[in-house]
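Data first, discussion second: the structure below is written as structure tokens.
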Amino acid sequence: MRTMAQVRQALSSLSGFPEWLPAGHIVEQHFVDILRRTFELHGFSGIQTRAVEPLSELTKKGETSKEVYLLSRLQADPAESEADPRKQLGLHFDLTVPFARYVVDNAGLLTFPFKRYQIQKVWRGERPQEGRFREFIQADIDIVGDGALPLHHDVEVPLIMHEALSALPVPEVTIHVSNRKVAQGFYQSIGIDTDQLIEVLRVVDKLDKIGPEKVAAELTQNVGVSAQQAAQALRLATITGTDGQDVSDQVLRALAGAEPTELLNEGLAELTALLEATGRRRPGAVIADLKIARGLDYYTGTVYESFMAGHEDLGSVCSGGRYDSLASSGKRTFPGVGISVGLSRLLSRVLGAGSVRVSRTVPTAVLVAVTDEDHRAVSDTVADSLRARGIAADVAPTAVKFGRQIRFADKRGIPFVWFPGGGGAADSVKDIRSGEQTDADASTWTPADEADLAPRILPS
């Protein structure tokens, strides 16, 4: 597998748009297959949404307008550039906003609660850097209700994603959880004005990036909270733990005598219940981390961020939360909870670290040798017979000496070479790894080890 330097070089031709070599694509497909299988085991249905959405829909998410790739035609009429902004189109930068629109559009045809997974490319116009791309694959799961959605789904979603990620050849991932009601209720309890709440949440969400001193300075100088309120907000952000009651007690102590609001009590009750349930069902998978604010306007309750052991510098690899009003149609609302993983983000780190390799870079299990060009049709017939039974087969491109045909297979990692018989002799197949060669019939033969039928992901 390639080194980190080689991975960077492969991504540098057009920054932010990764193009994996065949081995990398095999690993990517392996990731996709595991995620899809896990999601389907839990009853999620797969969907795809269009790549293009109205700009007015995409900007519902808050601080995102600078990230959207707008669409225009090269030969467009100049008058179109003055079109109504509400009719502008852009490439989707995540899958949650398009999914909310999809739910509203198809509400009469869906059965609720609706559980969907979606594995699809998205585009973001942000500055490319390691693990951050302008075009990448994202994998989402969401559960949406009609009018209401029980809180036990807030438990279900992170546990399913943790199960899926644990099946991938990546270091252990821990899901950090908080609740927007806790943060907002806490800030209200210490006297922060309602019109400052969203800004405070956004600033606190930068804690890992800019550090506590800069967060405190931004809170006091730009948002306008007092030094004491900024200190209390930072104290809340340091609270972590897996015991719900202990986390709740720490939050109340951080109030320093202030009376907790009803919203804070409600958030603490939800967070405590989530920690108790996740701790019982999948110990160690979920931890409370109250610095997580998720600076996106539409989250209303539980929020998630996830970190990979030994790769914390990569930042969150998986995030999401509960949204109660993103999808609505008139008086009808569709509250949801979801979590997503940046698949390309994970893949870039795995490939760069060389922590996985593939058994071969082609799907081919058998290379059918060609005795001479006059008898190529014989080799084609053998290959067709093998393929008809689900065995990936290719025919040697040239009728060179058998030794060179074997080297052709070996260079690609193809484990078997098939030799058509002649003059009444039986066909034979050779395992070029062991050197064992046996007579074989293309209508019945299969590898002794079923794992040889397709490329395998191997630890490095």
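Residue numbers start at 1 in each chain; chains themselves are named A, B, ... in the order of the structure tokens; ligands are numbered from 1 in the order shown.
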For this session: Run DSSP on the backbone of this structure and report the residues of region 159-265 of chain A it assigns to helix (DSSP H, G or I), as a ChimeraX atom specification.
Result: /A:159-166,180-189,194-204,207-223,227-237,244-254,262-265
Using only C-alpha atoms, which residues of region 291-347 of chain A come within 6 Å of region 166-189 of chain A, and what is the closest atom pair for each, with the distance in Å to one decimal? Give it as a Markdown table, sorted by chain and residue number.
| residue | atom | partner | partner_atom | distance |
| --- | --- | --- | --- | --- |
| A:Thr300 | CA | A:Arg180 | CA | 5.8 |
| A:Gly301 | CA | A:Arg180 | CA | 4.8 |
| A:Thr302 | CA | A:Asn179 | CA | 4.2 |
| A:Val303 | CA | A:Ser178 | CA | 5.3 |
| A:Tyr304 | CA | A:Val177 | CA | 4.6 |
| A:Glu305 | CA | A:His176 | CA | 5.1 |
| A:Ser306 | CA | A:Ile175 | CA | 4.3 |
| A:Phe307 | CA | A:Val173 | CA | 5.5 |
| A:Met308 | CA | A:Val173 | CA | 4.4 |
| A:Ala309 | CA | A:Glu172 | CA | 5.5 |
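For the residues A:Val104, A:Leu55, A:Ala327, A:Ile406, ranking by smallest atom-to-atom distance to Ala369 (chain A) using only C-alpha atoms places A:Ile406 first.
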Write out as a tab-separated table a residue-level contact list of region 99-169 of chain A versus region 269-278 of chain A with cut-off 9 Å: for each qualifying residue the closest pair of atoms and the distance in Å to one decimal, counting only C-alpha atoms, rows sorted by chain and residue number upward.
residue	atom	partner	partner_atom	distance
A:Leu151	CA	A:Glu270	CA	7.7
A:His152	CA	A:Leu274	CA	7.8
A:Asp154	CA	A:Leu274	CA	7.2
A:Val155	CA	A:Leu274	CA	5.8
A:Glu156	CA	A:Thr278	CA	8.4
A:Pro158	CA	A:Thr278	CA	8.7
A:Leu159	CA	A:Thr278	CA	7.2
Exercise. Closest to Ala442 (chain A) among A:Val368, A:Val223, A:Leu458, A:Leu41, using only C-alpha atoms?
Worked result: A:Val368
Exercise. What separation in Å, quoted to one decimal, exists between CA of Ile239 (chain A) and CA of Tyr323 (chain A)?
Worked result: 23.5 Å
For this session: Within 12 Å of Gly257 (chain A), counting only C-alpha atoms, which residues show up once you throw out same-chain ones fewer than 2 positions away? Write them as a PyMOL selection string, please.
Result: chain A and resi 186+189-190+232+251-255+259-260
Take the residues from that selection and write them out as a short mmCIF file (atom, residue, chain, number, x, y, z; two decimals), in the first residue's frame, keeping all heavy atoms.
data_model
loop_
_atom_site.label_atom_id
_atom_site.label_comp_id
_atom_site.auth_asym_id
_atom_site.auth_seq_id
_atom_site.Cartn_x
_atom_site.Cartn_y
_atom_site.Cartn_z
N PHE A 186 -28.27 26.13 29.92
CA PHE A 186 -27.21 26.58 30.82
C PHE A 186 -26.94 28.07 30.60
O PHE A 186 -26.85 28.85 31.56
CB PHE A 186 -25.95 25.76 30.58
CG PHE A 186 -24.81 26.09 31.51
CD1 PHE A 186 -24.67 25.43 32.72
CD2 PHE A 186 -23.88 27.07 31.17
CE1 PHE A 186 -23.62 25.74 33.58
CE2 PHE A 186 -22.83 27.39 32.02
CZ PHE A 186 -22.70 26.72 33.23
N SER A 189 -29.59 30.14 31.97
CA SER A 189 -29.56 30.12 33.43
C SER A 189 -28.56 31.13 33.99
O SER A 189 -28.77 31.68 35.08
CB SER A 189 -29.23 28.72 33.95
OG SER A 189 -30.21 27.78 33.55
N ILE A 190 -27.46 31.38 33.26
CA ILE A 190 -26.44 32.30 33.77
C ILE A 190 -26.62 33.71 33.21
O ILE A 190 -25.73 34.56 33.36
CB ILE A 190 -25.02 31.78 33.49
CG1 ILE A 190 -24.74 31.66 31.98
CG2 ILE A 190 -24.78 30.45 34.20
CD1 ILE A 190 -23.30 31.26 31.65
N GLN A 232 -17.87 30.62 32.80
CA GLN A 232 -18.84 29.54 33.08
C GLN A 232 -19.12 28.71 31.83
O GLN A 232 -19.27 27.48 31.90
CB GLN A 232 -20.13 30.13 33.64
CG GLN A 232 -20.01 30.62 35.07
CD GLN A 232 -21.30 31.23 35.58
OE1 GLN A 232 -21.67 32.33 35.19
NE2 GLN A 232 -21.99 30.51 36.45
N VAL A 251 -22.81 19.68 35.75
CA VAL A 251 -23.43 20.83 35.08
C VAL A 251 -24.08 21.76 36.10
O VAL A 251 -23.91 22.99 36.05
CB VAL A 251 -24.47 20.35 34.03
CG1 VAL A 251 -25.25 21.55 33.47
CG2 VAL A 251 -23.79 19.60 32.90
N LEU A 252 -24.81 21.19 37.03
CA LEU A 252 -25.50 22.01 38.03
C LEU A 252 -24.50 22.74 38.92
O LEU A 252 -24.74 23.90 39.31
CB LEU A 252 -26.44 21.13 38.86
CG LEU A 252 -27.61 20.50 38.06
CD1 LEU A 252 -28.43 19.58 38.96
CD2 LEU A 252 -28.49 21.57 37.43
N ARG A 253 -23.39 22.11 39.23
CA ARG A 253 -22.36 22.79 40.03
C ARG A 253 -21.73 23.95 39.27
O ARG A 253 -21.37 24.97 39.85
CB ARG A 253 -21.27 21.80 40.46
CG ARG A 253 -21.71 20.84 41.57
CD ARG A 253 -20.52 20.17 42.23
NE ARG A 253 -19.76 19.34 41.31
CZ ARG A 253 -20.00 18.04 41.12
NH1 ARG A 253 -21.00 17.44 41.77
NH2 ARG A 253 -19.27 17.35 40.27
N ALA A 254 -21.62 23.79 37.95
CA ALA A 254 -21.03 24.85 37.14
C ALA A 254 -21.91 26.09 37.07
O ALA A 254 -21.44 27.17 36.72
CB ALA A 254 -20.76 24.33 35.72
N LEU A 255 -23.19 25.96 37.45
CA LEU A 255 -24.07 27.12 37.48
C LEU A 255 -23.69 28.10 38.58
O LEU A 255 -24.09 29.26 38.55
CB LEU A 255 -25.52 26.67 37.69
CG LEU A 255 -26.23 26.00 36.52
CD1 LEU A 255 -27.61 25.51 36.94
CD2 LEU A 255 -26.34 26.95 35.34
N GLU A 259 -30.15 29.49 39.14
CA GLU A 259 -31.29 28.57 39.07
C GLU A 259 -31.37 27.95 37.68
O GLU A 259 -31.40 28.67 36.67
CB GLU A 259 -32.58 29.32 39.37
CG GLU A 259 -33.80 28.44 39.55
CD GLU A 259 -33.74 27.57 40.80
OE1 GLU A 259 -33.01 27.95 41.75
OE2 GLU A 259 -34.39 26.52 40.82
N PRO A 260 -31.40 26.60 37.58
CA PRO A 260 -31.50 25.98 36.25
C PRO A 260 -32.85 26.24 35.61
O PRO A 260 -33.89 26.19 36.27
CB PRO A 260 -31.29 24.49 36.54
CG PRO A 260 -31.70 24.32 37.96
CD PRO A 260 -31.33 25.60 38.66
#
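Proximity to Phe44 (chain A) at 10 Å, evaluated using only C-alpha atoms and with sequence-adjacent residues fewer than 2 positions away removed, yields Arg36, Arg37, Thr38, Phe39, Glu40, Leu41, His42, Gly46, Ile47, Phe114, Lys115, Arg116, Tyr117, Gln118, Ile141, Asp142 and Ile143 of chain A.
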Selected residues, C-alpha atoms, written as a compact mmCIF listing (two decimals), in the first residue's frame, please.
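What ended up in result.txt:
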# COMPACT_ATOMS: atom_id res chain seq x y z
CA ARG A 36 -24.60 -0.71 3.74
CA ARG A 37 -24.86 -4.21 5.20
CA THR A 38 -24.88 -2.90 8.78
CA PHE A 39 -27.47 -0.24 8.06
CA GLU A 40 -29.75 -2.73 6.32
CA LEU A 41 -29.43 -5.17 9.24
CA HIS A 42 -31.04 -2.45 11.35
CA GLY A 46 -31.24 2.98 0.89
CA ILE A 47 -32.08 6.03 -1.20
CA PHE A 114 -38.86 6.37 8.06
CA LYS A 115 -35.35 4.92 8.40
CA ARG A 116 -33.02 5.67 5.51
CA TYR A 117 -29.35 5.34 4.70
CA GLN A 118 -27.64 7.24 1.92
CA ILE A 141 -28.37 7.33 8.45
CA ASP A 142 -31.46 9.19 9.62
CA ILE A 143 -34.75 8.32 11.31
For this session: Please give the complete set of residues from region 100-161 of chain A that DSSP, run on the backbone, assigns to strand (DSSP E or B), formatted as an MDAnalysis selection string.
Result: chainID A and resid 114:123 129 132 135:144
Problem set entry | Using only C-alpha atoms: which of A:Lys411, A:His375, A:Lys87, A:Lys209 has the shortest distance to Ala399 (chain A) | A:His375
Problem set entry | Long-range neighbours of region 341-343 of chain A as number ranges by chain, 8 Å cut-off, only C-alpha atoms, 4 positions minimum in chain | A: 31, 136-140, 317-319, 347
Just N, CA and C atoms for this one: save the residues we selected as a CSV table (one decimal), in the first residue's frame.
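File written: out_29.csv
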chain,number,residue,atom,x,y,z
A,31,PHE,N,-15.5,-0.6,2.4
A,31,PHE,CA,-16.1,0.3,3.4
A,31,PHE,C,-17.6,0.4,3.1
A,136,PHE,N,-16.4,14.4,-2.1
A,136,PHE,CA,-16.1,13.2,-1.3
A,136,PHE,C,-17.4,12.5,-1.1
A,137,ILE,N,-17.3,11.2,-0.6
A,137,ILE,CA,-18.4,10.4,-0.3
A,137,ILE,C,-18.8,10.5,1.1
A,138,GLN,N,-20.1,10.7,1.4
A,138,GLN,CA,-20.6,10.8,2.7
A,138,GLN,C,-21.6,9.6,2.9
A,139,ALA,N,-21.6,9.1,4.1
A,139,ALA,CA,-22.6,8.0,4.4
A,139,ALA,C,-23.4,8.5,5.6
A,140,ASP,N,-24.8,8.5,5.4
A,140,ASP,CA,-25.7,9.0,6.4
A,140,ASP,C,-26.7,8.0,6.8
A,317,VAL,N,-14.7,12.5,12.7
A,317,VAL,CA,-14.9,11.7,11.5
A,317,VAL,C,-16.4,11.4,11.3
A,318,CYS,N,-17.2,11.7,12.3
A,318,CYS,CA,-18.6,11.3,12.2
A,318,CYS,C,-19.4,12.3,13.1
A,319,SER,N,-20.5,12.8,12.6
A,319,SER,CA,-21.2,13.8,13.3
A,319,SER,C,-22.7,13.8,13.0
A,347,LEU,N,-11.1,7.1,4.6
A,347,LEU,CA,-10.3,6.4,3.6
A,347,LEU,C,-8.9,7.0,3.4
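The coordinates place CA of Leu263 (chain A) at 24.0 Å from CA of Thr220 (chain A).
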For this session: Tell me, as a list of chain:residue names, which residues lie within 9 Å of region 213-219 of chain A, counting only C-alpha atoms; anything in the same chain fewer than 5 positions away does not count.
Result: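 Near neighbours after the sequence-gap exclusion: A:Glu199, A:Val200, A:Val203, A:Val204, A:Lys206, A:Leu207, A:Gly224, A:Val225, A:Ser226, A:Ala227, A:Gln229, A:Ala230, A:Ala231, A:Ala233, A:Leu234.
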Go ahead and write the residues just picked, C-alpha atoms, as a tab-separated table (two decimals), in the first residue's frame.
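Contents of selection_29.tsv, freshly written:
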chain	number	residue	atom	x	y	z
A	199	GLU	CA	-23.41	32.97	18.50
A	200	VAL	CA	-22.22	31.58	21.83
A	203	VAL	CA	-17.94	30.18	19.26
A	204	VAL	CA	-17.78	27.39	21.86
A	206	LYS	CA	-14.43	26.23	17.97
A	207	LEU	CA	-12.83	25.27	21.30
A	224	GLY	CA	-20.71	40.65	24.28
A	225	VAL	CA	-21.03	38.28	27.23
A	226	SER	CA	-19.35	39.09	30.54
A	227	ALA	CA	-16.01	37.62	31.60
A	229	GLN	CA	-20.31	34.20	31.78
A	230	ALA	CA	-17.49	33.31	29.39
A	231	ALA	CA	-15.68	31.49	32.21
A	233	ALA	CA	-19.40	28.64	29.42
A	234	LEU	CA	-15.84	27.28	29.26
Problem set entry | Length of the CA of Pro128 (chain A) to CA of Pro459 (chain A) vector [Å] |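 Atom-to-atom, CA of Pro128 (chain A) to CA of Pro459 (chain A), that is 28.6 Å.
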Exercise. If we count only C-alpha atoms, what is near region 427-433 of chain A at a cut-off of 10 Å, once residues fewer than 5 positions away on the same chain are taken out, given as a PyMOL selection string?
Worked result: chain A and resi 366-369+382+406-407+409-410+413-422+438-442+445+447
Taking C-alpha atoms for each residue, export the selection above as a PDB file, in the first residue's frame.
ATOM      1  CA  VAL A 366      -8.476 -16.802 -12.991  1.00  0.00           C
ATOM      2  CA  LEU A 367      -6.371 -15.865 -16.004  1.00  0.00           C
ATOM      3  CA  VAL A 368      -7.073 -18.242 -18.886  1.00  0.00           C
ATOM      4  CA  ALA A 369      -3.889 -18.795 -20.844  1.00  0.00           C
ATOM      5  CA  VAL A 382     -13.371 -21.498 -20.806  1.00  0.00           C
ATOM      6  CA  ILE A 406       2.020 -16.513 -15.540  1.00  0.00           C
ATOM      7  CA  ARG A 407       4.117 -13.425 -14.767  1.00  0.00           C
ATOM      8  CA  ALA A 409      -1.098 -12.876 -13.696  1.00  0.00           C
ATOM      9  CA  ASP A 410       1.367 -12.679 -10.813  1.00  0.00           C
ATOM     10  CA  GLY A 413      -2.184 -10.702  -7.992  1.00  0.00           C
ATOM     11  CA  ILE A 414      -4.401 -13.104  -9.973  1.00  0.00           C
ATOM     12  CA  PRO A 415      -4.106 -16.374  -8.001  1.00  0.00           C
ATOM     13  CA  PHE A 416      -4.918 -18.943 -10.714  1.00  0.00           C
ATOM     14  CA  VAL A 417      -3.858 -19.560 -14.319  1.00  0.00           C
ATOM     15  CA  TRP A 418      -5.930 -21.894 -16.467  1.00  0.00           C
ATOM     16  CA  PHE A 419      -4.287 -23.987 -19.226  1.00  0.00           C
ATOM     17  CA  PRO A 420      -6.620 -25.344 -21.925  1.00  0.00           C
ATOM     18  CA  GLY A 421      -5.877 -28.953 -22.837  1.00  0.00           C
ATOM     19  CA  GLY A 422      -5.032 -29.952 -26.361  1.00  0.00           C
ATOM     20  CA  THR A 438      -4.388 -30.023 -11.093  1.00  0.00           C
ATOM     21  CA  ASP A 439      -6.716 -31.171 -13.861  1.00  0.00           C
ATOM     22  CA  ALA A 440      -9.921 -29.153 -13.952  1.00  0.00           C
ATOM     23  CA  ASP A 441     -13.270 -28.814 -15.724  1.00  0.00           C
ATOM     24  CA  ALA A 442     -14.511 -25.247 -16.332  1.00  0.00           C
ATOM     25  CA  TRP A 445     -14.162 -26.150 -10.863  1.00  0.00           C
ATOM     26  CA  PRO A 447     -11.267 -22.458  -5.774  1.00  0.00           C
TER      27      PRO A 447
END
